[in-house]
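S.K.: One structure, pasted below without further comment.
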Amino acid sequence: MIMVRAIIRPEKTDDVLAALMDAGFPAVTKMDVYGRGKQRGMKIGEVTYDELPKEMIFTVIKDSDKDYVVKIIMQAARTGVKGAYGDGKIFISPVDEVYTVSSGRKETAEDAAPVAAAVSA
Amino acid sequence: MKEVLAVIRMNKMNETKQALVEAGIASFTARKVIGRGVGKVDYLLLKGAEAGHEEAINQLGPGPKLIPKRMLIVVVPDTTVPRVVSTIIDVNQTGNPGDGKIFVMPVSETIRLRTGECDHAALDESAD
C-alpha cells in the first residue's frame, strides 16, 4: 500500500474529492495547511506572501492504482489546460501496514480491491 | 523507526491519550482533519445542501459526508509498533464504521533538535 499526499489549491478541493469519488477512491482525509513553493511565495506590489493557504488531501491506495490516482488528482487540480504556478504538488510514500479500527483487522492490498470495483460498477 | 498515523473519532481523543501514556508512549502529535471513508457522496446534492435547499438536504439523508476526525502521529521504534496499534485499536473500537484507520509508515531518520541526537537516541526512552 502507498500513501498519496497532494497539496492543492483550496478552491480545487471539491473538484478533486468529487473526481476521486467518481473514480472509486472514496476514502480521503484533508487538512488545511500553509506553505510556499519554489517561487518563494507570491509578490503582490511591495508585499511578499510566503505562507499561502493550501489544502492537503491524503489517501492510502494499492501500489497498482498509483498512476491512475495521480492522473486523476493532476487533472482535477490543474488550473486551465496547461496549469499554473501554485497548483500544488503530489507526494507518494510507502505504507507498511494498514489497520481498520472498527474491525481491528489488518488490511491487505487484496481487501482494497473490492471497494474500488464496487463503486465503479 | 516507524511512523504510526491514526485517524480516530474526535470524542475518543482523551481516552486515547490516557491509554497511550499508560502504555508508555507519551509523545505524539495530533491535529484536526476532516475526511470520508468508503461511503459514497453525491457532490451536487452536497453543494445544494450547503446552500440550504430543503430538497437537497432531504435527498442527502444521513449518509456519509466529510466528517471531522483527529489525526495522531506517533513515531516509535519498530518493536513498539504492535503495542501502539493494539492500544489505539482497544480504546477506539466501537465496531461501527467510522472508528478510523491506522497506517504504519517507515521513517528513515529522526533528529532531536535540542541535543542534535539522531535516530533511536532521539526517540522517547519511555517507549522502550
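Residue numbers start at 1 in each chain; chains themselves are named A, B, ... in the order of the C-alpha cells; ligands are numbered from 1 in the order shown.
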Can you work out which residues from chain B touch chain A at a cut-off of 6 Å (counting only C-alpha atoms) and hand them back as a ChimeraX atom specification?
M.R.: /B:33-38,89,93,95-96,99-105
S.K.: Pull N, CA and C atoms from the residues just selected and write them as a compact mmCIF listing (two decimals), in the first residue's frame.
M.R.:
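Below is the file that was written, selection-v2.txt:
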```txt
# COMPACT_ATOMS: atom_id res chain seq x y z
N VAL B 33 -8.51 16.96 11.44
CA VAL B 33 -8.63 16.78 10.00
C VAL B 33 -10.10 16.50 9.69
N ILE B 34 -10.48 16.63 8.41
CA ILE B 34 -11.79 16.13 8.02
C ILE B 34 -11.61 15.15 6.88
N GLY B 35 -12.53 14.23 6.73
CA GLY B 35 -12.35 13.23 5.69
C GLY B 35 -13.57 12.37 5.53
N ARG B 36 -13.41 11.35 4.69
CA ARG B 36 -14.52 10.44 4.46
C ARG B 36 -13.97 9.04 4.32
N GLY B 37 -14.82 8.04 4.51
CA GLY B 37 -14.40 6.66 4.37
C GLY B 37 -14.84 6.10 3.04
N VAL B 38 -15.27 4.83 3.05
CA VAL B 38 -15.59 4.19 1.79
C VAL B 38 -17.02 4.48 1.30
N ILE B 89 -6.33 0.53 18.89
CA ILE B 89 -7.50 -0.27 18.50
C ILE B 89 -8.38 -0.57 19.71
N GLN B 93 -12.15 1.05 19.40
CA GLN B 93 -13.05 0.14 18.70
C GLN B 93 -14.45 0.17 19.29
N GLY B 95 -16.87 -0.88 16.90
CA GLY B 95 -17.44 -1.85 15.98
C GLY B 95 -18.26 -1.23 14.87
N ASN B 96 -18.43 0.10 14.91
CA ASN B 96 -19.21 0.77 13.87
C ASN B 96 -18.28 1.36 12.81
N ASP B 99 -14.82 4.26 12.91
CA ASP B 99 -13.88 4.19 14.03
C ASP B 99 -12.50 4.69 13.64
N GLY B 100 -12.18 4.58 12.35
CA GLY B 100 -10.90 5.13 11.90
C GLY B 100 -9.98 4.11 11.29
N LYS B 101 -8.83 4.59 10.91
CA LYS B 101 -7.82 3.74 10.27
C LYS B 101 -6.47 4.03 10.92
N ILE B 102 -5.58 3.05 10.85
CA ILE B 102 -4.21 3.23 11.32
C ILE B 102 -3.27 2.88 10.18
N PHE B 103 -2.34 3.77 9.88
CA PHE B 103 -1.34 3.49 8.86
C PHE B 103 0.04 3.46 9.50
N VAL B 104 0.85 2.48 9.12
CA VAL B 104 2.21 2.39 9.64
C VAL B 104 3.18 2.63 8.49
N MET B 105 4.02 3.65 8.64
CA MET B 105 4.92 4.04 7.56
C MET B 105 6.35 4.08 8.04
```
S.K.: Tell me which protein, DNA and RNA residues are within 10 Å of Asn11 of chain B, counting only C-alpha atoms, leaving out same-chain ones fewer than 2 positions away, and put them as a PyMOL selection string.
M.R.: chain B and resi 8-9+13-16+69-70+92
S.K.: State, in Å with one decimal place, the distance from atom CA of Thr94 of chain B to atom CA of Glu3 of chain B.
M.R.: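 Separation between atom CA of Thr94 of chain B and atom CA of Glu3 of chain B: 24.1 Å.
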S.K.: Would you mind listing what lies within 12 Å of Val84 of chain B as number ranges by chain, with only C-alpha atoms counted and same-chain residues fewer than 2 positions away left out?
M.R.: A: 99; B: 2-6, 16-17, 19-28, 72-82, 86-91, 102-104, 127-128
S.K.: Could you pull out the helix (DSSP H, G or I) residues of chain A, going by DSSP on the backbone, and write them as a JSON list (two decimals) with C-alpha atoms, in the first residue's frame?
M.R.:
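So the final result, stored in states-v4.json, reads:
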```json
[["chain", "number", "residue", "atom", "x", "y", "z"],
["A", 10, "PRO", "CA", -8.33, 25.24, -1.62],
["A", 11, "GLU", "CA", -10.81, 26.14, -4.37],
["A", 12, "LYS", "CA", -9.95, 22.92, -6.24],
["A", 13, "THR", "CA", -10.57, 20.64, -3.25],
["A", 14, "ASP", "CA", -14.20, 19.91, -4.10],
["A", 15, "ASP", "CA", -13.30, 19.06, -7.70],
["A", 16, "VAL", "CA", -10.51, 16.71, -6.64],
["A", 17, "LEU", "CA", -12.65, 14.98, -3.99],
["A", 18, "ALA", "CA", -15.50, 14.55, -6.48],
["A", 19, "ALA", "CA", -13.13, 13.19, -9.14],
["A", 20, "LEU", "CA", -11.67, 10.69, -6.67],
["A", 21, "MET", "CA", -15.15, 9.61, -5.61],
["A", 22, "ASP", "CA", -16.21, 9.05, -9.23],
["A", 63, "ASP", "CA", 0.52, 0.23, -5.34],
["A", 64, "SER", "CA", -1.03, -0.67, -8.69],
["A", 65, "ASP", "CA", -3.52, 2.24, -8.51],
["A", 66, "LYS", "CA", -0.77, 4.82, -8.10],
["A", 67, "ASP", "CA", -0.52, 6.11, -11.66],
["A", 68, "TYR", "CA", -4.30, 6.25, -12.05],
["A", 69, "VAL", "CA", -4.85, 8.21, -8.83],
["A", 70, "VAL", "CA", -2.02, 10.61, -9.60],
["A", 71, "LYS", "CA", -3.54, 11.25, -13.05],
["A", 72, "ILE", "CA", -6.99, 11.91, -11.56],
["A", 73, "ILE", "CA", -5.67, 14.37, -8.98],
["A", 74, "MET", "CA", -3.46, 16.04, -11.58],
["A", 75, "GLN", "CA", -6.37, 16.58, -13.99],
["A", 76, "ALA", "CA", -8.75, 17.86, -11.33],
["A", 77, "ALA", "CA", -6.30, 20.14, -9.52],
["A", 109, "ALA", "CA", -3.95, -4.82, -0.84],
["A", 110, "GLU", "CA", -6.50, -7.51, -1.75],
["A", 111, "ASP", "CA", -9.03, -6.07, 0.71],
["A", 112, "ALA", "CA", -8.89, -2.71, -1.02],
["A", 113, "ALA", "CA", -9.77, -4.17, -4.42],
["A", 114, "PRO", "CA", -13.50, -4.97, -3.97],
["A", 115, "VAL", "CA", -14.27, -1.47, -2.70],
["A", 116, "ALA", "CA", -12.90, 0.23, -5.80],
["A", 117, "ALA", "CA", -14.59, -2.32, -8.05],
["A", 118, "ALA", "CA", -17.98, -1.97, -6.31],
["A", 119, "VAL", "CA", -18.06, 1.81, -6.65],
["A", 120, "SER", "CA", -17.04, 1.90, -10.30]]
```
S.K.: Please run DSSP on the backbone and report, as a compact mmCIF listing (two decimals) with C-alpha atoms, in the first residue's frame, all residues within chain A that come out as strand (DSSP E).
M.R.:
```txt
# COMPACT_ATOMS: atom_id res chain seq x y z
CA ILE A 2 1.15 3.57 -0.61
CA MET A 3 0.06 6.95 0.69
CA VAL A 4 -0.61 9.75 -1.78
CA ARG A 5 -0.38 13.22 -0.28
CA ALA A 6 -1.46 16.06 -2.52
CA ILE A 7 -1.13 19.74 -1.69
CA ILE A 8 -3.65 21.60 -3.82
CA VAL A 28 -9.80 10.57 1.73
CA THR A 29 -8.63 12.80 4.60
CA LYS A 30 -7.93 16.50 4.18
CA MET A 31 -6.47 19.30 6.26
CA ASP A 32 -5.68 22.98 5.93
CA VAL A 33 -2.00 23.76 5.50
CA TYR A 34 0.07 26.86 4.78
CA GLY A 35 3.27 26.94 2.81
CA MET A 42 3.71 35.38 -4.05
CA LYS A 43 4.72 39.01 -4.53
CA ILE A 44 1.89 41.50 -4.87
CA VAL A 47 4.24 42.75 -0.10
CA THR A 48 5.51 39.16 -0.30
CA TYR A 49 3.17 36.44 0.91
CA LEU A 52 -0.07 30.67 1.12
CA PRO A 53 -3.17 28.73 2.18
CA LYS A 54 -3.48 25.27 0.60
CA GLU A 55 -5.35 22.06 1.30
CA MET A 56 -3.53 18.80 1.84
CA ILE A 57 -5.51 15.70 0.93
CA PHE A 58 -4.22 12.24 1.54
CA THR A 59 -5.39 8.79 0.66
CA VAL A 60 -3.93 5.31 1.02
CA ILE A 61 -4.23 3.07 -2.04
CA GLY A 88 0.39 22.14 -5.92
CA LYS A 89 2.46 19.03 -5.50
CA ILE A 90 1.82 15.31 -5.06
CA PHE A 91 4.00 13.20 -2.76
CA ILE A 92 3.94 9.42 -2.58
CA SER A 93 5.30 7.42 0.34
CA PRO A 94 5.22 3.73 1.29
CA GLU A 97 0.66 -1.76 7.49
CA VAL A 98 -2.98 -0.64 7.49
CA TYR A 99 -5.46 -1.43 10.28
CA THR A 100 -9.19 -0.75 10.42
CA ARG A 105 -8.28 -6.20 11.23
CA LYS A 106 -5.05 -5.71 9.36
CA GLU A 107 -5.87 -4.75 5.78
```
S.K.: Can you list, as a PDB file with C-alpha atoms, in the first residue's frame, every protein, DNA or RNA residue that comes within 8 Å of segment 114-120 of chain B when you count only C-alpha atoms, leaving out same-chain residues fewer than 3 positions away?
M.R.:
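For reference, selection-v8.pdb as written:
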```pdb
ATOM      1  CA  MET B   1      11.661   3.537  13.234  1.00  0.00           C
ATOM      2  CA  PRO B  77      10.979   2.129  17.273  1.00  0.00           C
ATOM      3  CA  GLU B 109      15.768   9.453  10.233  1.00  0.00           C
ATOM      4  CA  THR B 110      14.835  11.195  13.490  1.00  0.00           C
ATOM      5  CA  ILE B 111      16.723  14.117  14.991  1.00  0.00           C
ATOM      6  CA  LEU B 123      13.071   8.878  20.425  1.00  0.00           C
TER       7      LEU B 123
END
```
S.K.: Restricting the calculation to only C-alpha atoms: of A:Lys38, A:Gly45, A:Glu51, A:Ala23, which residue gets closest to Tyr85 of chain A?
M.R.: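 Of all the options, A:Lys38 lies closest to Tyr85 of chain A.
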S.K.: Using only C-alpha atoms, which of the listed residues (B:Ala49, B:Met71, B:Val107, B:Ala56) sits closest to Thr29 of chain B?
M.R.: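 Once distances to Thr29 of chain B are computed over only C-alpha atoms, the minimum belongs to B:Met71.
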